[in-house]
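Participant: Input file: my_file.tsv. Contents: TSV, C-alpha atoms.
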chain	number	residue	atom	x	y	z
B	1	MET	CA	-10.72	11.29	30.46
B	2	SER	CA	-7.84	9.10	29.35
B	3	VAL	CA	-7.34	6.20	26.96
B	4	SER	CA	-8.46	2.89	28.46
B	5	TYR	CA	-5.49	0.57	28.91
B	6	GLU	CA	-7.72	-2.43	29.63
B	7	ASN	CA	-9.88	-1.92	26.56
B	8	SER	CA	-6.87	-1.20	24.34
B	9	LYS	CA	-5.57	-4.61	25.42
B	10	ILE	CA	-8.93	-6.20	24.66
B	11	VAL	CA	-9.05	-4.65	21.16
B	12	PHE	CA	-5.50	-5.83	20.43
B	13	GLN	CA	-6.34	-9.32	21.70
B	14	GLY	CA	-9.44	-9.25	19.45
B	15	ILE	CA	-7.21	-8.46	16.47
B	16	LYS	CA	-4.91	-11.35	17.35
B	17	ASP	CA	-7.81	-13.73	17.98
B	18	ALA	CA	-9.11	-12.91	14.49
B	19	GLY	CA	-5.85	-14.40	13.18
B	20	ILE	CA	-4.46	-11.06	12.05
B	21	THR	CA	-0.69	-11.07	11.54
B	22	SER	CA	-0.16	-7.69	9.89
B	23	LEU	CA	-1.29	-4.17	10.81
B	24	SER	CA	-0.90	-0.82	9.13
B	25	ALA	CA	-1.47	2.29	11.19
B	26	LEU	CA	-0.97	5.95	11.65
B	27	PRO	CA	-0.60	6.44	15.40
B	28	GLU	CA	-3.21	8.61	17.10
B	29	THR	CA	-4.12	9.09	20.77
B	30	TRP	CA	-6.86	6.49	21.08
B	31	LEU	CA	-4.80	3.90	19.22
B	32	GLY	CA	-1.56	4.63	21.07
B	33	LEU	CA	-1.70	1.97	23.80
B	34	LEU	CA	-2.93	-0.61	21.33
B	35	LEU	CA	-0.09	0.12	18.91
B	36	GLN	CA	2.46	-0.06	21.73
B	37	GLN	CA	1.35	-3.64	22.30
B	38	ALA	CA	1.53	-4.40	18.61
B	39	GLU	CA	5.09	-3.05	18.49
B	40	LYS	CA	6.14	-5.43	21.28
B	41	ASP	CA	4.42	-8.50	19.84
B	42	PRO	CA	6.64	-10.59	17.54
B	43	ALA	CA	3.59	-12.42	16.13
B	44	VAL	CA	2.31	-9.22	14.51
B	45	ARG	CA	3.97	-6.99	11.92
B	46	LEU	CA	3.19	-3.29	12.41
B	47	ILE	CA	3.72	-0.93	9.47
B	48	GLN	CA	3.46	2.76	10.31
B	49	VAL	CA	2.61	5.08	7.47
B	50	ALA	CA	3.23	8.78	6.92
B	51	LYS	CA	-0.35	9.29	5.68
B	52	GLU	CA	-3.31	6.94	5.80
B	53	GLU	CA	-3.80	6.59	2.05
B	54	GLU	CA	-0.48	4.72	1.89
B	55	ALA	CA	-2.03	2.08	4.13
B	56	ILE	CA	-4.66	1.32	1.48
B	57	GLY	CA	-1.84	0.37	-0.91
B	58	ILE	CA	0.00	-1.61	1.76
B	59	ALA	CA	-3.23	-3.45	2.66
B	60	ALA	CA	-3.72	-4.32	-1.02
B	61	GLY	CA	-0.15	-5.66	-1.19
B	62	ALA	CA	-0.70	-7.70	1.97
B	63	TYR	CA	-3.95	-9.11	0.51
B	64	PHE	CA	-2.22	-10.10	-2.74
B	65	ALA	CA	0.49	-11.75	-0.64
B	66	GLY	CA	-2.13	-13.80	1.26
B	67	GLU	CA	-1.52	-12.10	4.61
B	68	ARG	CA	-4.31	-11.35	7.13
B	69	HIS	CA	-4.12	-7.58	7.53
B	70	VAL	CA	-6.16	-4.86	9.25
B	71	LEU	CA	-5.83	-1.07	9.02
B	72	LEU	CA	-5.94	1.18	12.09
B	73	MET	CA	-6.61	4.87	11.62
B	74	GLN	CA	-8.42	7.89	12.95
B	75	ASN	CA	-11.58	8.94	11.13
B	76	HIS	CA	-9.73	11.98	9.75
B	77	GLY	CA	-7.22	9.55	8.31
B	78	PHE	CA	-10.09	7.62	6.74
B	79	LEU	CA	-11.13	10.88	5.08
B	80	ALA	CA	-7.53	11.40	3.91
B	81	ALA	CA	-7.44	7.91	2.38
B	82	MET	CA	-10.55	8.35	0.27
B	83	ASN	CA	-9.22	8.05	-3.28
B	84	GLY	CA	-7.27	4.92	-2.42
B	85	ILE	CA	-10.38	3.36	-0.89
B	86	VAL	CA	-12.48	4.19	-3.95
B	87	SER	CA	-10.00	3.84	-6.83
B	88	LEU	CA	-7.92	0.96	-5.56
B	89	ALA	CA	-9.96	-1.15	-3.13
B	90	MET	CA	-13.43	-0.69	-4.59
B	91	LEU	CA	-12.28	-0.55	-8.21
B	92	TYR	CA	-10.35	-3.82	-8.04
B	93	GLY	CA	-12.39	-5.73	-5.45
B	94	ILE	CA	-9.77	-5.67	-2.72
B	95	PRO	CA	-11.00	-6.22	0.87
B	96	LEU	CA	-10.11	-3.71	3.58
B	97	CYS	CA	-10.83	-4.29	7.26
B	98	MET	CA	-10.59	-0.80	8.74
B	99	LEU	CA	-10.68	-0.16	12.50
B	100	ILE	CA	-11.40	3.55	12.76
B	101	ALA	CA	-11.12	5.69	15.91
B	102	LEU	CA	-14.31	7.77	15.84
B	103	ARG	CA	-13.15	11.14	17.14
B	104	GLY	CA	-15.35	14.22	17.15
B	105	HIS	CA	-18.52	12.44	18.13
B	106	TRP	CA	-20.81	12.31	21.22
B	107	GLY	CA	-18.99	13.85	24.19
B	108	GLU	CA	-16.16	15.35	22.11
B	109	PRO	CA	-14.56	18.26	24.00
B	110	TYR	CA	-12.07	19.25	21.27
B	111	PRO	CA	-13.44	21.55	18.54
B	112	TRP	CA	-10.87	20.44	15.94
B	113	HIS	CA	-12.24	16.90	15.87
B	114	THR	CA	-15.88	17.83	15.44
B	115	ARG	CA	-16.29	18.40	11.69
B	116	GLY	CA	-14.64	15.10	10.81
B	117	GLY	CA	-16.68	13.31	13.46
B	118	ILE	CA	-19.92	14.75	12.20
B	119	VAL	CA	-19.39	13.68	8.58
B	120	THR	CA	-17.79	10.25	9.09
B	121	GLU	CA	-21.00	8.23	9.16
B	122	GLY	CA	-22.42	10.12	6.16
B	123	VAL	CA	-19.27	9.46	4.13
B	124	LEU	CA	-19.37	5.76	5.00
B	125	ARG	CA	-23.02	5.61	3.88
B	126	ALA	CA	-22.30	7.56	0.68
B	127	LEU	CA	-19.60	5.03	-0.22
B	128	ASN	CA	-21.82	2.08	0.75
B	129	ILE	CA	-19.17	0.89	3.20
B	130	PRO	CA	-20.77	-1.41	5.79
B	131	PHE	CA	-19.97	-0.30	9.34
B	132	GLU	CA	-20.71	-1.02	12.98
B	133	TYR	CA	-20.01	0.84	16.19
B	134	ALA	CA	-17.77	-0.88	18.74
B	135	ARG	CA	-18.88	0.29	22.19
B	136	ALA	CA	-18.60	-2.68	24.55
B	137	PRO	CA	-15.37	-4.50	25.42
B	138	LYS	CA	-17.28	-7.80	25.60
B	139	GLU	CA	-18.43	-7.44	21.99
B	140	VAL	CA	-15.42	-5.94	20.24
B	141	GLY	CA	-13.50	-9.17	19.66
B	142	ARG	CA	-16.45	-10.74	17.87
B	143	GLN	CA	-17.00	-7.51	15.92
B	144	ILE	CA	-13.39	-7.45	14.67
B	145	ARG	CA	-13.60	-11.10	13.61
B	146	GLU	CA	-16.88	-10.51	11.80
B	147	ALA	CA	-15.65	-7.33	10.13
B	148	TYR	CA	-12.61	-9.19	8.80
B	149	THR	CA	-14.71	-12.12	7.58
B	150	PHE	CA	-17.16	-9.81	5.83
B	151	SER	CA	-14.40	-7.80	4.13
B	152	GLN	CA	-12.98	-11.04	2.71
B	153	SER	CA	-16.30	-12.44	1.51
B	154	SER	CA	-17.51	-9.15	0.00
B	155	LEU	CA	-14.09	-8.19	-1.43
B	156	ALA	CA	-14.79	-4.66	-0.25
B	157	PRO	CA	-13.96	-2.15	2.48
B	158	VAL	CA	-15.63	-2.67	5.87
B	159	ALA	CA	-15.35	-0.32	8.86
B	160	LEU	CA	-15.56	-0.90	12.60
B	161	LEU	CA	-15.87	2.43	14.42
B	162	LEU	CA	-14.05	2.46	17.76
B	163	THR	CA	-16.13	4.78	19.97
B	164	ARG	CA	-15.42	6.91	23.01
B	165	ASP	CA	-17.35	4.41	25.19
B	166	LEU	CA	-14.80	1.76	24.28
B	167	MET	CA	-11.55	3.71	24.03
B	168	GLU	CA	-11.77	6.19	26.93
B	169	GLU	CA	-12.30	5.91	30.66
B	170	ALA	CA	-12.74	8.38	33.49
B	171	LEU	CA	-9.51	9.29	35.27
K	1	MET	CA	15.89	8.12	-23.71
K	2	LYS	CA	12.41	6.74	-24.04
K	3	ARG	CA	10.57	4.96	-21.25
K	4	SER	CA	9.47	2.34	-23.81
K	5	GLU	CA	13.13	1.46	-24.47
K	6	CYS	CA	13.74	1.00	-20.75
K	7	ILE	CA	10.63	-1.14	-20.31
K	8	ALA	CA	11.56	-3.21	-23.38
K	9	MET	CA	14.98	-3.88	-21.82
K	10	LEU	CA	13.37	-4.73	-18.47
K	11	HIS	CA	10.54	-6.94	-19.77
K	12	PRO	CA	12.52	-10.22	-20.13
K	13	GLU	CA	13.80	-9.79	-16.56
K	14	LEU	CA	10.27	-9.54	-15.12
K	15	GLU	CA	9.20	-13.11	-15.79
K	16	ASP	CA	9.76	-14.23	-12.21
K	17	LYS	CA	9.22	-10.90	-10.42
K	18	VAL	CA	6.13	-9.49	-8.74
K	19	VAL	CA	5.44	-6.35	-10.76
K	20	VAL	CA	3.25	-3.33	-10.02
K	21	THR	CA	2.94	-0.52	-12.54
K	22	ILE	CA	1.20	2.83	-12.54
K	23	MET	CA	-1.51	3.84	-14.96
K	24	GLY	CA	-1.36	5.33	-18.41
K	25	ALA	CA	1.60	5.16	-20.75
K	26	CYS	CA	3.74	3.05	-18.42
K	27	ALA	CA	1.05	0.37	-18.02
K	28	GLN	CA	0.29	0.34	-21.73
K	29	GLU	CA	3.92	0.01	-22.79
K	30	LEU	CA	4.42	-2.91	-20.41
K	31	TYR	CA	1.19	-4.60	-21.54
K	32	ASP	CA	2.03	-4.18	-25.23
K	33	LEU	CA	5.30	-6.08	-24.73
K	34	GLY	CA	3.29	-9.06	-23.48
K	35	HIS	CA	1.08	-9.36	-20.42
K	36	ARG	CA	2.08	-11.79	-17.72
K	37	GLU	CA	0.03	-13.03	-14.77
K	38	ASN	CA	2.55	-11.50	-12.37
K	39	PHE	CA	1.85	-7.93	-13.59
K	40	PHE	CA	-0.57	-5.70	-11.68
K	41	TYR	CA	-1.63	-2.49	-13.44
K	42	LEU	CA	-2.77	0.22	-11.03
K	43	GLN	CA	-4.99	2.14	-13.42
K	44	HIS	CA	-5.97	4.81	-10.86
K	45	ALA	CA	-5.22	5.73	-7.23
K	46	MET	CA	-2.11	7.67	-8.27
K	47	GLY	CA	0.75	7.44	-5.80
K	48	LEU	CA	-0.09	4.04	-4.34
K	49	ALA	CA	1.92	1.74	-6.64
K	50	SER	CA	4.93	1.98	-4.32
K	51	SER	CA	2.71	1.38	-1.26
K	52	ILE	CA	1.33	-1.79	-2.89
K	53	GLY	CA	4.93	-2.76	-3.63
K	54	LEU	CA	5.88	-2.24	0.02
K	55	GLY	CA	2.96	-4.40	1.19
K	56	LEU	CA	3.98	-7.12	-1.26
K	57	ALA	CA	7.70	-6.98	-0.49
K	58	LEU	CA	7.32	-7.11	3.31
K	59	HIS	CA	4.93	-10.07	3.16
K	60	LEU	CA	6.71	-11.97	0.36
K	61	PRO	CA	10.35	-11.98	1.46
K	62	ARG	CA	11.22	-14.78	-1.02
K	63	GLU	CA	9.99	-12.81	-4.03
K	64	ARG	CA	11.60	-9.89	-5.83
K	65	VAL	CA	9.11	-7.01	-6.20
K	66	VAL	CA	9.46	-4.37	-8.92
K	67	VAL	CA	7.42	-1.14	-8.96
K	68	LEU	CA	7.25	0.94	-12.14
K	69	ASP	CA	6.34	4.44	-11.02
K	70	GLY	CA	6.27	7.95	-12.46
K	71	ASP	CA	7.09	11.48	-11.35
K	72	GLY	CA	3.46	12.59	-11.25
K	73	SER	CA	2.45	9.61	-9.13
K	74	VAL	CA	5.39	9.88	-6.72
K	75	LEU	CA	4.71	13.59	-6.26
K	76	MET	CA	1.19	12.65	-5.10
K	77	ASN	CA	2.58	10.45	-2.32
K	78	LEU	CA	6.05	11.68	-1.35
K	79	GLY	CA	5.59	10.21	2.12
K	80	THR	CA	5.93	6.76	0.57
K	81	LEU	CA	9.68	7.31	0.12
K	82	ALA	CA	10.08	7.84	3.86
K	83	THR	CA	7.95	4.79	4.63
K	84	LEU	CA	10.01	2.69	2.19
K	85	ALA	CA	13.22	3.93	3.81
K	86	ARG	CA	11.95	3.11	7.29
K	87	TYR	CA	10.96	-0.49	6.49
K	88	ARG	CA	13.67	-0.99	3.87
K	89	PRO	CA	12.46	-4.18	2.17
K	90	ALA	CA	15.59	-5.79	0.69
K	91	ASN	CA	13.57	-7.36	-2.11
K	92	LEU	CA	12.02	-4.18	-3.55
K	93	VAL	CA	13.24	-2.26	-6.61
K	94	HIS	CA	11.38	1.02	-7.09
K	95	ILE	CA	11.83	2.45	-10.60
K	96	ILE	CA	10.59	6.00	-11.15
K	97	PHE	CA	10.28	7.09	-14.79
K	98	ASP	CA	10.61	10.86	-14.63
K	99	ASN	CA	9.33	12.47	-17.81
K	100	GLY	CA	8.66	15.83	-16.14
K	101	SER	CA	5.13	15.68	-17.41
K	102	LEU	CA	1.58	14.69	-16.59
K	103	LEU	CA	1.62	13.05	-19.98
K	104	SER	CA	-1.53	10.98	-19.81
K	105	THR	CA	-3.65	13.99	-18.87
K	106	GLY	CA	-2.53	16.44	-21.51
K	107	GLY	CA	1.20	16.84	-21.01
K	108	PHE	CA	1.23	19.56	-18.36
K	109	ASP	CA	4.67	20.12	-16.82
K	110	SER	CA	5.19	18.36	-13.50
K	111	HIS	CA	7.26	19.86	-10.66
K	112	THR	CA	10.32	17.94	-11.88
K	113	THR	CA	10.42	19.75	-15.24
K	114	SER	CA	13.60	21.74	-15.94
K	115	GLY	CA	15.24	20.27	-12.86
K	116	ILE	CA	13.13	22.22	-10.37
K	117	THR	CA	12.47	19.22	-8.16
K	118	ASP	CA	15.01	16.39	-7.88
K	119	LEU	CA	13.27	13.12	-7.03
K	120	ALA	CA	16.55	11.24	-6.55
K	121	ALA	CA	17.61	13.83	-3.96
K	122	ILE	CA	14.24	13.50	-2.24
K	123	ALA	CA	14.64	9.71	-2.14
K	124	ARG	CA	18.14	10.06	-0.65
K	125	GLY	CA	16.87	12.63	1.83
K	126	ALA	CA	14.05	10.30	2.81
K	127	GLY	CA	16.73	7.85	3.89
K	128	ILE	CA	17.00	5.43	0.97
K	129	GLY	CA	20.62	4.30	0.70
K	130	HIS	CA	20.74	3.06	-2.88
K	131	VAL	CA	19.42	5.68	-5.28
K	132	ALA	CA	20.57	5.79	-8.92
K	133	ALA	CA	19.74	8.68	-11.25
K	134	VAL	CA	20.13	7.71	-14.91
K	135	ASP	CA	19.41	9.30	-18.27
K	136	THR	CA	20.75	6.78	-20.79
K	137	VAL	CA	19.48	3.33	-21.72
K	138	ILE	CA	22.88	1.81	-20.86
K	139	GLY	CA	22.88	3.60	-17.50
K	140	PHE	CA	19.38	2.34	-16.84
K	141	GLY	CA	20.35	-1.23	-17.70
K	142	GLU	CA	23.36	-1.09	-15.37
K	143	ALA	CA	21.32	0.36	-12.53
K	144	VAL	CA	18.73	-2.39	-12.93
K	145	ILE	CA	21.37	-5.16	-12.96
K	146	GLU	CA	22.94	-3.69	-9.81
K	147	ALA	CA	19.57	-3.36	-8.09
K	148	PHE	CA	18.60	-6.98	-8.85
K	149	ALA	CA	21.98	-8.21	-7.61
K	150	ARG	CA	21.79	-6.15	-4.43
K	151	ASP	CA	20.06	-7.46	-1.32
K	152	ASP	CA	18.73	-4.05	-0.31
K	153	LEU	CA	16.05	-1.54	-1.18
K	154	SER	CA	16.90	0.26	-4.42
K	155	VAL	CA	15.40	3.29	-6.12
K	156	ILE	CA	16.16	4.15	-9.75
K	157	VAL	CA	15.12	7.55	-11.11
K	158	ALA	CA	15.20	7.37	-14.90
K	159	LYS	CA	14.89	10.62	-16.86
K	160	VAL	CA	12.83	9.86	-19.95
K	161	ALA	CA	11.22	11.80	-22.78
K	162	ALA	CA	7.61	12.87	-22.39
K	163	ILE	CA	6.23	10.57	-25.05
K	164	GLY	CA	3.87	7.64	-24.80
K	165	PRO	CA	2.00	5.11	-26.91
K	166	ASN	CA	-0.44	6.18	-29.62
K	167	HIS	CA	-3.20	3.94	-28.27
K	168	TYR	CA	-4.64	2.81	-24.95
K	169	GLY	CA	-6.57	-0.30	-24.02
K	170	MET	CA	-6.16	-3.77	-22.55
K	171	ASP	CA	-8.09	-7.00	-22.90
K	172	LEU	CA	-8.17	-7.33	-19.12
K	173	GLN	CA	-10.83	-6.14	-16.68
K	174	LEU	CA	-9.44	-4.49	-13.56
K	175	PRO	CA	-10.78	-6.94	-10.93
K	176	GLU	CA	-9.75	-9.79	-13.26
K	177	ASN	CA	-6.19	-8.45	-13.16
K	178	ALA	CA	-6.33	-8.36	-9.35
K	179	PHE	CA	-7.71	-11.92	-9.05
K	180	ARG	CA	-5.21	-13.43	-11.47
K	181	PHE	CA	-2.27	-11.52	-9.93
K	182	LYS	CA	-3.22	-12.82	-6.47
K	183	ARG	CA	-3.59	-16.35	-7.82
K	184	TRP	CA	-0.14	-16.23	-9.46
K	185	ILE	CA	1.39	-15.28	-6.10
K	186	ALA	CA	-0.57	-17.97	-4.23
K	187	THR	CA	0.54	-20.62	-6.75
K	188	ARG	CA	4.18	-19.57	-6.39
K	189	LYS	CA	3.89	-19.69	-2.61
K	190	SER	CA	2.41	-23.19	-2.56
K	191	ALA	CA	5.00	-24.41	-5.08
K	192	ALA	CA	7.78	-22.97	-2.93
K	193	ALA	CA	6.44	-24.37	0.36
K	194	PRO	CA	7.73	-27.99	0.11
K	195	ALA	CA	11.14	-26.77	-1.05
K	196	ALA	CA	11.28	-24.45	1.92
K	197	LEU	CA	10.66	-27.38	4.25
K	198	THR	CA	13.41	-29.53	2.75
K	199	THR	CA	15.98	-26.75	2.82
K	200	ARG	CA	15.40	-25.97	6.48
K	201	GLU	CA	18.44	-26.45	8.68
K	202	PRO	CA	18.32	-29.63	10.77
K	203	ARG	CA	17.60	-28.92	14.44
Using structure tokens, write down the structure from this file.
Facilitator:
Amino acid sequence: MSVSYENSKIVFQGIKDAGITSLSALPETWLGLLLQQAEKDPAVRLIQVAKEEEAIGIAAGAYFAGERHVLLMQNHGFLAAMNGIVSLAMLYGIPLCMLIALRGHWGEPYPWHTRGGIVTEGVLRALNIPFEYARAPKEVGRQIREAYTFSQSSLAPVALLLTRDLMEEAL
Amino acid sequence: MKRSECIAMLHPELEDKVVVTIMGACAQELYDLGHRENFFYLQHAMGLASSIGLGLALHLPRERVVVLDGDGSVLMNLGTLATLARYRPANLVHIIFDNGSLLSTGGFDSHTTSGITDLAAIARGAGIGHVAAVDTVIGFGEAVIEAFARDDLSVIVAKVAAIGPNHYGMDLQLPENAFRFKRWIATRKSAAAPAALTTREPR
């Protein structure tokens, strides 16, 4: 399997079509092709972080500044960002639109991803973070737009889980 | 020197800046000098004040952003110094009050106590060009004046005594602080917009 170039393009276009002008990210394999496009696109500002919790602060700063921002991270990065999500975003009513690569789930061949993959949905439910799975390239643009809208109206974190069906393709 | 002396010196300069402060003593001392709508108090999520400052500074290039940070908070998010260095917002002044102590949680020594860990050296090593290390009120004042005059990212590490206020509390709910802070920025942006149009170079 390899990362789908076509679907990476579709996800990036979905981000742009949602009017997003600012992205924070920690690069990971499934997000790599998407982030390469973001790097080349002058209409979008990409901020790479050293650890995902930083991105929660950056997203809060972007929100205060009135900028349309989304966060891109792996689910293990979501787990690493937990206190920022709870004690900054939730505590102060700051929206977060998180696009999360769901590694370690159905079809996962790599053992090191599996624990994080198994607990991701349970952690999202425990935190009452609304989430949807993005599986189909035809749907993902609408899902990104709706996730962003909902994060802004609820003033809370929202997650769209980017699945293997969407992000990988057979070689 | 005391952090409260530094903040008292800084307070009049913060009227037109976008200010983010960490929790505990630092937030309280700033608040007690007089709250302003352009102050955001991060009362938890230790380590993220500088990340909020980076998000603000990159997206508000016309504003000057000031972060009031502490050694305990910076030690929780050392990666932030590298991220700041990489994106190098010219309009961000990052002030780290280093009291060598986790003062608000019982005064345990932090890793910077007795000079074990040097935060200014870490900031320089992370790639930040303008780092000042000060331990007098006059030195702090000079470093702040230089940082505000400079059109580049500046970090000031100020060695202060491990003492704080004798009371805690604000007449400000946390989401209320966030809403009003955002509104202050939005109002400034809309006030600045027509001026920006008139000052644009003719084509």
Participant: With chain K as the partner and 10 Å as the cut-off, tabulate the residues of chain B that qualify, each row holding the nearest pair of atoms and their distance in Å to one decimal, using all atoms listed in the file, sorted by chain and rising number, as a Markdown table.
Facilitator:
| residue | atom | partner | partner_atom | distance |
| --- | --- | --- | --- | --- |
| B:Ser22 | CA | K:His59 | CA | 8.8 |
| B:Ser24 | CA | K:Gly55 | CA | 9.5 |
| B:Arg45 | CA | K:Leu58 | CA | 9.2 |
| B:Ile47 | CA | K:Tyr87 | CA | 7.8 |
| B:Gln48 | CA | K:Thr83 | CA | 7.5 |
| B:Val49 | CA | K:Thr83 | CA | 6.1 |
| B:Ala50 | CA | K:Gly79 | CA | 5.5 |
| B:Lys51 | CA | K:Gly79 | CA | 7.0 |
| B:Glu53 | CA | K:Leu48 | CA | 7.8 |
| B:Glu54 | CA | K:Ser51 | CA | 5.6 |
| B:Ala55 | CA | K:Ser51 | CA | 7.2 |
| B:Ile56 | CA | K:Ser51 | CA | 7.9 |
| B:Gly57 | CA | K:Ile52 | CA | 4.3 |
| B:Ile58 | CA | K:Gly55 | CA | 4.1 |
| B:Ala59 | CA | K:Gly55 | CA | 6.4 |
| B:Ala60 | CA | K:Ile52 | CA | 5.9 |
| B:Gly61 | CA | K:Gly55 | CA | 4.1 |
| B:Ala62 | CA | K:Gly55 | CA | 5.0 |
| B:Tyr63 | CA | K:Lys182 | CA | 7.9 |
| B:Phe64 | CA | K:Lys182 | CA | 4.7 |
| B:Ala65 | CA | K:Leu56 | CA | 5.8 |
| B:Gly66 | CA | K:Ala186 | CA | 7.1 |
| B:Glu67 | CA | K:His59 | CA | 6.9 |
| B:Met82 | CA | K:Ala45 | CA | 9.6 |
| B:Asn83 | CA | K:Ala45 | CA | 6.1 |
| B:Gly84 | CA | K:Ala45 | CA | 5.3 |
| B:Ile85 | CA | K:Ala45 | CA | 8.5 |
| B:Val86 | CA | K:Ala45 | CA | 8.1 |
| B:Ser87 | CA | K:Ala45 | CA | 5.2 |
| B:Leu88 | CA | K:Ala45 | CA | 5.7 |
| B:Ala89 | CA | K:Ala45 | CA | 9.3 |
| B:Met90 | CA | K:Pro175 | CA | 9.3 |
| B:Leu91 | CA | K:Pro175 | CA | 7.1 |
| B:Tyr92 | CA | K:Pro175 | CA | 4.3 |
| B:Gly93 | CA | K:Pro175 | CA | 5.8 |
| B:Ile94 | CA | K:Ala178 | CA | 7.9 |
Participant: If we count all atoms listed in the file and set the cut-off at 8 Å, which residues sit around Ile20 in chain B, ignoring sequence neighbours fewer than 2 positions away in its own chain? Please answer as number ranges by chain.
Facilitator: B: 15-18, 22-23, 44, 68-70
Participant: One number please: CA of Val134 in chain K to CA of Ala158 in chain K, in Å, one decimal.
Facilitator: 4.9 Å
Participant: Quick check, in Å to one decimal: how far apart do CA of Ala133 in chain K and CA of Gln28 in chain K lie?
Facilitator: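 Those two atoms sit 23.6 Å apart.
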Participant: For Glu5 in chain K, find every residue with an atom within 12 Å (counting all atoms listed in the file), except residues of its own chain fewer than 2 positions away, and show them as a list in words.
Facilitator: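 The neighbour list is Met1, Lys2, Arg3, Ile7, Ala8, Met9, Leu10, His11, Cys26, Glu29, Leu30, Leu33, Phe97, Asp135, Thr136, Val137, Ile138, Phe140, Gly141, Ala158, Val160, Ala161, Ile163, Gly164 and Pro165 of chain K.
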Participant: Provide the CA of Leu75 in chain K to CA of Gly77 in chain B distance in Å, to one decimal place.
Facilitator: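 Answer for the CA of Leu75 in chain K to CA of Gly77 in chain B separation: 19.3 Å.
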Participant: What lies within 9 Å of Phe148 in chain K using all atoms listed in the file, ignoring chain neighbours under 4 positions off, as a list of chain:residue names?
Facilitator: K:Arg64, K:Asn91, K:Leu92, K:Val93, K:Ala143, K:Val144, K:Ser154
Participant: Please provide as a list in words all residues within 7 Å of Tyr41 in chain K, with the sequence filter that same-chain residues fewer than 4 positions apart are discarded (counting all atoms listed in the file).
Facilitator: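 Listing them by chain and then by number gives Val20, Thr21, Ile22, Met23 and Ala27 of chain K.
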Participant: Which residue gives the smallest distance to Arg142 in chain B among B:Arg115, B:Leu160, B:Glu52, B:Lys40, with only C-alpha atoms counted?
Facilitator: B:Leu160
